[in-house]
file protein_6.cif (mmCIF, C-alpha atoms)
data_protein
#
loop_
_atom_site.label_atom_id
_atom_site.label_comp_id
_atom_site.auth_asym_id
_atom_site.auth_seq_id
_atom_site.Cartn_x
_atom_site.Cartn_y
_atom_site.Cartn_z
CA MET A 1 110.26 59.58 106.83
CA LYS A 2 106.86 57.92 106.70
CA ASP A 3 103.91 59.46 104.94
CA PRO A 4 101.53 61.42 107.17
CA PRO A 5 98.50 59.48 108.46
CA GLU A 6 95.22 59.39 106.61
CA PRO A 7 92.73 62.06 107.73
CA VAL A 8 90.78 61.01 110.80
CA GLU A 9 87.02 61.38 110.80
CA PRO A 10 85.61 63.08 113.94
CA ASP A 11 83.97 59.86 115.18
CA ASP A 12 87.33 58.06 115.01
CA VAL A 13 89.35 60.64 116.95
CA THR A 14 90.35 59.24 120.33
CA LYS A 15 89.53 61.58 123.22
CA ARG A 16 91.51 61.62 126.46
CA GLY A 17 88.86 61.52 129.20
CA SER A 18 86.24 64.23 129.47
CA PRO A 19 86.84 67.38 127.44
CA THR A 20 87.36 70.71 129.19
CA ASP A 21 87.17 74.31 128.10
CA ALA A 22 90.92 74.45 127.38
CA ARG A 23 91.97 75.10 123.79
CA VAL A 24 95.17 75.20 121.76
CA ILE A 25 95.56 78.07 119.32
CA GLY A 26 98.44 78.96 117.04
CA ARG A 27 99.83 79.66 113.60
CA VAL A 28 101.70 77.68 110.98
CA LEU A 29 104.48 79.77 109.44
CA TRP A 30 107.26 79.61 106.89
CA GLY A 31 109.66 82.26 108.19
CA ASP A 32 107.23 85.10 108.92
CA ASN A 33 104.73 84.02 106.26
CA PRO A 34 101.54 82.06 107.02
CA VAL A 35 101.16 78.55 105.58
CA PRO A 36 97.48 77.94 104.78
CA ASN A 37 95.74 74.56 104.75
CA ALA A 38 98.36 72.69 106.80
CA SER A 39 97.01 69.84 108.97
CA ILE A 40 97.64 69.95 112.72
CA VAL A 41 97.37 66.84 114.91
CA LEU A 42 97.58 66.43 118.67
CA LYS A 43 99.05 63.26 120.19
CA ASP A 44 100.18 62.00 123.59
CA GLU A 45 103.50 63.29 124.88
CA GLY A 46 106.41 60.87 124.75
CA GLY A 47 106.32 59.63 121.17
CA SER A 48 107.64 60.70 117.80
CA TYR A 49 105.45 61.21 114.75
CA ASP A 50 106.21 57.68 113.53
CA ASP A 51 105.05 55.93 116.72
CA ASN A 52 101.51 55.54 115.39
CA LEU A 53 100.03 56.97 118.56
CA PRO A 54 96.31 57.74 118.28
CA VAL A 55 95.28 61.20 117.16
CA LEU A 56 93.59 62.94 120.08
CA ALA A 57 92.44 65.99 118.12
CA GLN A 58 93.13 67.71 114.83
CA ALA A 59 92.57 70.91 112.89
CA VAL A 60 93.38 72.59 109.58
CA ALA A 61 95.09 75.97 109.34
CA GLY A 62 93.13 78.77 107.69
CA THR A 63 94.29 81.10 104.93
CA ASP A 64 96.20 83.16 107.53
CA GLY A 65 97.90 80.05 108.95
CA ARG A 66 95.88 80.22 112.18
CA PHE A 67 94.26 77.20 113.81
CA SER A 68 92.32 76.33 116.95
CA ILE A 69 91.82 72.99 118.69
CA GLU A 70 88.94 73.11 121.15
CA SER A 71 88.04 71.07 124.27
CA VAL A 72 91.50 69.74 125.13
CA GLN A 73 92.01 68.09 128.51
CA PRO A 74 94.97 69.35 130.62
CA GLY A 75 98.18 67.35 130.29
CA GLY A 76 101.28 66.90 128.14
CA TYR A 77 101.03 66.55 124.37
CA ARG A 78 102.98 66.50 121.14
CA ILE A 79 101.54 68.76 118.46
CA PHE A 80 102.48 68.27 114.82
CA VAL A 81 101.92 70.21 111.62
CA ILE A 82 101.83 68.32 108.33
CA SER A 83 102.84 70.11 105.14
CA PRO A 84 100.02 71.05 102.74
CA SER A 85 102.26 70.49 99.69
CA GLU A 86 105.53 69.04 98.41
CA GLU A 87 107.02 72.53 98.60
CA TYR A 88 107.71 72.05 102.31
CA TRP A 89 109.23 69.31 104.44
CA GLU A 90 106.52 66.94 105.62
CA TRP A 91 106.08 67.91 109.23
CA ALA A 92 107.32 69.73 112.28
CA GLY A 93 106.41 69.15 115.90
CA THR A 94 106.87 70.36 119.44
CA SER A 95 105.84 69.50 123.01
CA ILE A 96 103.17 71.47 124.81
CA ASP A 97 101.79 71.30 128.34
CA ILE A 98 98.34 72.42 129.45
CA PRO A 99 98.13 73.02 133.22
CA VAL A 100 94.81 72.33 134.94
CA SER A 101 94.23 76.03 135.61
CA GLN A 102 95.06 77.17 132.06
CA LYS A 103 92.30 77.68 129.54
CA GLU A 104 94.38 78.51 126.47
CA VAL A 105 97.81 77.57 125.10
CA SER A 106 99.38 79.33 122.10
CA VAL A 107 101.99 77.70 119.88
CA THR A 108 103.81 78.65 116.66
CA LEU A 109 104.69 75.82 114.28
CA ARG A 110 107.29 76.55 111.60
CA LEU A 111 107.64 74.54 108.41
CA LYS A 112 110.78 74.58 106.29
CA LYS A 113 110.96 74.59 102.51
CA LYS A 114 113.05 72.16 100.50
CA LEU A 115 116.31 73.30 98.98
CA ARG A 116 117.58 71.54 95.86
CA LEU A 117 121.20 70.45 95.97
CA LEU A 118 122.57 70.57 92.44
CA GLN A 119 126.28 69.76 92.38
CA PRO A 120 127.91 67.30 92.67
CA PRO A 121 125.20 64.72 91.78
CA ASN A 122 124.07 62.68 94.77
CA GLY A 123 126.03 59.46 95.29
CA LYS A 124 128.56 60.17 92.52
CA ARG A 125 132.34 60.39 92.47
CA VAL A 126 134.15 63.67 91.89
CA ASN A 127 137.58 63.94 90.28
CA THR A 128 138.90 66.77 92.43
CA THR A 129 139.71 67.14 96.13
CA THR A 130 138.30 70.69 96.08
CA PRO A 131 134.85 70.24 94.49
CA ARG A 132 132.36 73.04 94.08
CA LEU A 133 129.08 72.55 95.96
CA ARG A 134 126.06 74.21 94.37
CA TRP A 135 122.41 74.49 95.45
CA SER A 136 119.21 76.30 94.45
CA SER A 137 118.52 79.85 95.57
CA LEU A 138 115.56 80.61 97.82
CA PRO A 139 113.62 83.90 97.97
CA GLY A 140 113.87 85.33 101.46
CA ALA A 141 117.18 83.64 102.27
CA THR A 142 119.92 86.05 103.34
CA ARG A 143 122.56 83.42 104.17
CA TYR A 144 123.25 79.72 103.80
CA HIS A 145 125.13 77.47 106.19
CA VAL A 146 127.02 74.54 104.63
CA ASP A 147 128.18 71.44 106.54
CA VAL A 148 130.44 68.72 105.13
CA PHE A 149 131.10 65.52 107.13
CA ASP A 150 133.16 62.38 106.76
CA ASP A 151 130.32 59.91 106.27
CA GLU A 152 132.13 57.09 108.09
CA THR A 153 133.54 58.91 111.13
CA GLY A 154 131.00 61.76 111.38
CA GLU A 155 133.88 64.25 111.62
CA ALA A 156 133.02 67.73 110.37
CA VAL A 157 135.47 68.89 107.71
CA LEU A 158 133.67 72.12 106.75
CA ARG A 159 131.19 74.41 108.49
CA GLN A 160 130.78 77.67 106.66
CA ASN A 161 128.29 80.49 106.11
CA THR A 162 127.89 82.12 102.71
CA THR A 163 125.51 84.49 100.93
CA ASP A 164 126.20 82.77 97.60
CA THR A 165 124.56 79.57 96.30
CA SER A 166 127.83 77.76 95.69
CA LEU A 167 131.01 77.07 97.61
CA VAL A 168 134.40 75.59 96.71
CA ILE A 169 135.59 73.25 99.46
CA SER A 170 138.87 74.16 101.11
CA PRO A 171 141.20 72.73 102.42
CA PRO A 172 141.37 69.72 100.06
CA LEU A 173 139.40 66.57 100.89
CA THR A 174 140.83 63.07 101.18
CA PRO A 175 140.64 60.79 98.11
CA GLY A 176 138.61 57.61 98.53
CA VAL A 177 136.46 59.02 101.33
CA ARG A 178 132.67 59.33 101.14
CA TYR A 179 131.37 62.71 102.32
CA GLN A 180 127.92 63.93 103.34
CA TRP A 181 126.87 67.56 102.96
CA SER A 182 123.88 69.67 103.89
CA VAL A 183 122.70 73.26 103.52
CA ASN A 184 120.46 75.36 105.77
CA ALA A 185 118.93 78.65 104.60
CA TYR A 186 118.23 81.52 107.02
CA ASN A 187 116.21 84.70 106.64
CA SER A 188 117.19 88.15 107.93
CA ALA A 189 115.75 87.32 111.37
CA GLY A 190 118.00 84.27 111.68
CA VAL A 191 115.10 81.81 111.30
CA THR A 192 115.81 78.56 109.43
CA ILE A 193 113.48 78.66 106.42
CA ALA A 194 114.84 75.77 104.33
CA TYR A 195 117.31 72.95 104.42
CA TYR A 196 118.52 69.82 102.70
CA SER A 197 120.70 67.13 104.23
CA ALA A 198 122.22 63.69 103.59
CA TRP A 199 123.56 64.41 100.10
CA TYR A 200 126.62 62.26 99.34
CA PHE A 201 129.68 62.23 97.11
CA THR A 202 133.02 60.38 97.05
CA VAL A 203 136.39 61.83 96.10
CA SER A 204 138.08 59.60 93.49
CA LYS A 205 141.46 58.06 94.34
#

call {"tool": "encode", "arguments": {"input": "protein_6.cif", "output": "structure tokens"}}
result
Amino acid sequence: MKDPPEPVEPDDVTKRGSPTDARVIGRVLWGDNPVPNASIVLKDEGGSYDDNLPVLAQAVAGTDGRFSIESVQPGGYRIFVISPSEEYWEWAGTSIDIPVSQKEVSVTLRLKKKLRLLQPPNGKRVNTTTPRLRWSSLPGATRYHVDVFDDETGEAVLRQNTTDTSLVISPPLTPGVRYQWSVNAYNSAGVTIAYYSAWYFTVSK
């Protein structure tokens, strides 16, 4: 994923036509907790974060995670939040639409924290067909969901929930095959609060 764009000075922000009284308000959260100082940018609808579309407006979340973007013209947009630190994944985004008659749109943007996958080491070979997967614990997580895929075919060989921070794979894997695994962490409300994906290992022949 590319690094977030450099901050845009007010004079450089591209406006879409004449501003109106409409505004976009919202909060940046991790689970149910506010994320202060995150950057929020508004872009045209129809592009991903990496499309280098011009920033139409921007804001910074306060200490309570709340933000407000004023004088937004009606239309379709993509709104993105950029992580304030390395603790979280870089960004999250969603589509919003502001009808002509609407003066305010509210949106909640949720960042996810980074889990650390610990075992087996990324890209290494393991000498057993039933390896133990291990990852870091996360405060607030009540369950973890583990996925293991055949990296070549994309076939899922394991999809399992656990409350522990490790899991022994069963049934046995196939020697010589490269596997990809990922972990998602959920809180008691079922909200995804952290994840890590694209971690690889190969079972020795």

call {"tool": "residues_around", "arguments": {"input": "protein_6.cif", "residues": "Arg125 of chain A", "least_positions_apart": "2", "cutoff": "9 Å", "atoms": "only C-alpha atoms", "output": "ChimeraX atom specification"}}
result
/A:120-123,127,178,201-204

call {"tool": "residues_around", "arguments": {"input": "protein_6.cif", "residues": "segment 67-78 of chain A", "least_positions_apart": "4", "cutoff": "10 Å", "atoms": "all atoms listed in the file", "output": "PDB file with C-alpha atoms, in the coordinates of the input"}}
result
ATOM      1  CA  LYS A  15      89.530  61.580 123.220  1.00  0.00           C
ATOM      2  CA  ARG A  16      91.510  61.620 126.460  1.00  0.00           C
ATOM      3  CA  GLY A  17      88.860  61.520 129.200  1.00  0.00           C
ATOM      4  CA  SER A  18      86.240  64.230 129.470  1.00  0.00           C
ATOM      5  CA  PRO A  19      86.840  67.380 127.440  1.00  0.00           C
ATOM      6  CA  THR A  20      87.360  70.710 129.190  1.00  0.00           C
ATOM      7  CA  ASP A  21      87.170  74.310 128.100  1.00  0.00           C
ATOM      8  CA  ALA A  22      90.920  74.450 127.380  1.00  0.00           C
ATOM      9  CA  ARG A  23      91.970  75.100 123.790  1.00  0.00           C
ATOM     10  CA  VAL A  24      95.170  75.200 121.760  1.00  0.00           C
ATOM     11  CA  ILE A  25      95.560  78.070 119.320  1.00  0.00           C
ATOM     12  CA  GLY A  26      98.440  78.960 117.040  1.00  0.00           C
ATOM     13  CA  ARG A  27      99.830  79.660 113.600  1.00  0.00           C
ATOM     14  CA  VAL A  28     101.700  77.680 110.980  1.00  0.00           C
ATOM     15  CA  PRO A  36      97.480  77.940 104.780  1.00  0.00           C
ATOM     16  CA  ASN A  37      95.740  74.560 104.750  1.00  0.00           C
ATOM     17  CA  ALA A  38      98.360  72.690 106.800  1.00  0.00           C
ATOM     18  CA  SER A  39      97.010  69.840 108.970  1.00  0.00           C
ATOM     19  CA  ILE A  40      97.640  69.950 112.720  1.00  0.00           C
ATOM     20  CA  VAL A  41      97.370  66.840 114.910  1.00  0.00           C
ATOM     21  CA  LEU A  42      97.580  66.430 118.670  1.00  0.00           C
ATOM     22  CA  LYS A  43      99.050  63.260 120.190  1.00  0.00           C
ATOM     23  CA  ASP A  44     100.180  62.000 123.590  1.00  0.00           C
ATOM     24  CA  GLU A  45     103.500  63.290 124.880  1.00  0.00           C
ATOM     25  CA  GLY A  46     106.410  60.870 124.750  1.00  0.00           C
ATOM     26  CA  GLY A  47     106.320  59.630 121.170  1.00  0.00           C
ATOM     27  CA  SER A  48     107.640  60.700 117.800  1.00  0.00           C
ATOM     28  CA  TYR A  49     105.450  61.210 114.750  1.00  0.00           C
ATOM     29  CA  LEU A  56      93.590  62.940 120.080  1.00  0.00           C
ATOM     30  CA  ALA A  57      92.440  65.990 118.120  1.00  0.00           C
ATOM     31  CA  GLN A  58      93.130  67.710 114.830  1.00  0.00           C
ATOM     32  CA  ALA A  59      92.570  70.910 112.890  1.00  0.00           C
ATOM     33  CA  VAL A  60      93.380  72.590 109.580  1.00  0.00           C
ATOM     34  CA  ALA A  61      95.090  75.970 109.340  1.00  0.00           C
ATOM     35  CA  GLY A  62      93.130  78.770 107.690  1.00  0.00           C
ATOM     36  CA  THR A  63      94.290  81.100 104.930  1.00  0.00           C
ATOM     37  CA  GLY A  93     106.410  69.150 115.900  1.00  0.00           C
ATOM     38  CA  THR A  94     106.870  70.360 119.440  1.00  0.00           C
ATOM     39  CA  SER A  95     105.840  69.500 123.010  1.00  0.00           C
ATOM     40  CA  ILE A  96     103.170  71.470 124.810  1.00  0.00           C
ATOM     41  CA  ASP A  97     101.790  71.300 128.340  1.00  0.00           C
ATOM     42  CA  ILE A  98      98.340  72.420 129.450  1.00  0.00           C
ATOM     43  CA  PRO A  99      98.130  73.020 133.220  1.00  0.00           C
ATOM     44  CA  VAL A 100      94.810  72.330 134.940  1.00  0.00           C
ATOM     45  CA  SER A 101      94.230  76.030 135.610  1.00  0.00           C
ATOM     46  CA  GLN A 102      95.060  77.170 132.060  1.00  0.00           C
ATOM     47  CA  LYS A 103      92.300  77.680 129.540  1.00  0.00           C
ATOM     48  CA  GLU A 104      94.380  78.510 126.470  1.00  0.00           C
ATOM     49  CA  VAL A 105      97.810  77.570 125.100  1.00  0.00           C
ATOM     50  CA  SER A 106      99.380  79.330 122.100  1.00  0.00           C
ATOM     51  CA  VAL A 107     101.990  77.700 119.880  1.00  0.00           C
TER      52      VAL A 107
END

call {"tool": "atom_distance", "arguments": {"input": "protein_6.cif", "atom1": "atom CA of Arg116 of chain A", "atom2": "atom CA of Ile169 of chain A"}}
result
18.4 Å

call {"tool": "atom_distance", "arguments": {"input": "protein_6.cif", "atom1": "atom CA of Tyr179 of chain A", "atom2": "atom CA of Glu152 of chain A"}}
result
8.1 Å

call {"tool": "axis_aligned_box", "arguments": {"input": "protein_6.cif", "around": "segment 157-164 of chain A", "padding_each_side": "6 Å", "output": "AutoDock Vina command-line options"}}
result
--center_x 130.5 --center_y 76.7 --center_z 103.0 --size_x 22.0 --size_y 27.6 --size_z 22.9

call {"tool": "closest_atom_pairs", "arguments": {"input": "protein_6.cif", "of": "segment 42-121 of chain A", "to": "segment 140-147 of chain A", "cutoff": "12 Å", "atoms": "all atoms listed in the file", "output": "Markdown table"}}
result
| residue | atom | partner | partner_atom | distance |
| --- | --- | --- | --- | --- |
| A:Lys112 | CA | A:Ala141 | CA | 11.8 |
| A:Lys113 | CA | A:Ala141 | CA | 11.0 |
| A:Leu115 | CA | A:Tyr144 | CA | 10.6 |
| A:Leu117 | CA | A:Val146 | CA | 11.2 |

call {"tool": "closest_residue", "arguments": {"input": "protein_6.cif", "among": "A:Val81, A:Ala185, A:Val35, A:Leu118", "to": "Arg132 of chain A", "atoms": "all atoms listed in the file"}}
result
A:Leu118

call {"tool": "atom_distance", "arguments": {"input": "protein_6.cif", "atom1": "atom CA of Leu173 of chain A", "atom2": "atom CA of Lys114 of chain A"}}
result
26.9 Å

call {"tool": "residues_near_point", "arguments": {"input": "protein_6.cif", "point": "(128.6, 64.5, 103.4)", "cutoff": "6 Å", "atoms": "all atoms listed in the file", "output": "MDAnalysis selection string"}}
result
chainID A and resid 148:149 151 179:181 200

call {"tool": "closest_residue", "arguments": {"input": "protein_6.cif", "among": "A:Ala92, A:Leu29, A:Leu167, A:Leu138", "to": "Asn187 of chain A", "atoms": "all atoms listed in the file"}}
result
A:Leu138

call {"tool": "closest_residue", "arguments": {"input": "protein_6.cif", "among": "A:Asn33, A:Gln119, A:Ser85, A:Thr108", "to": "Ser182 of chain A", "atoms": "only C-alpha atoms"}}
result
A:Gln119
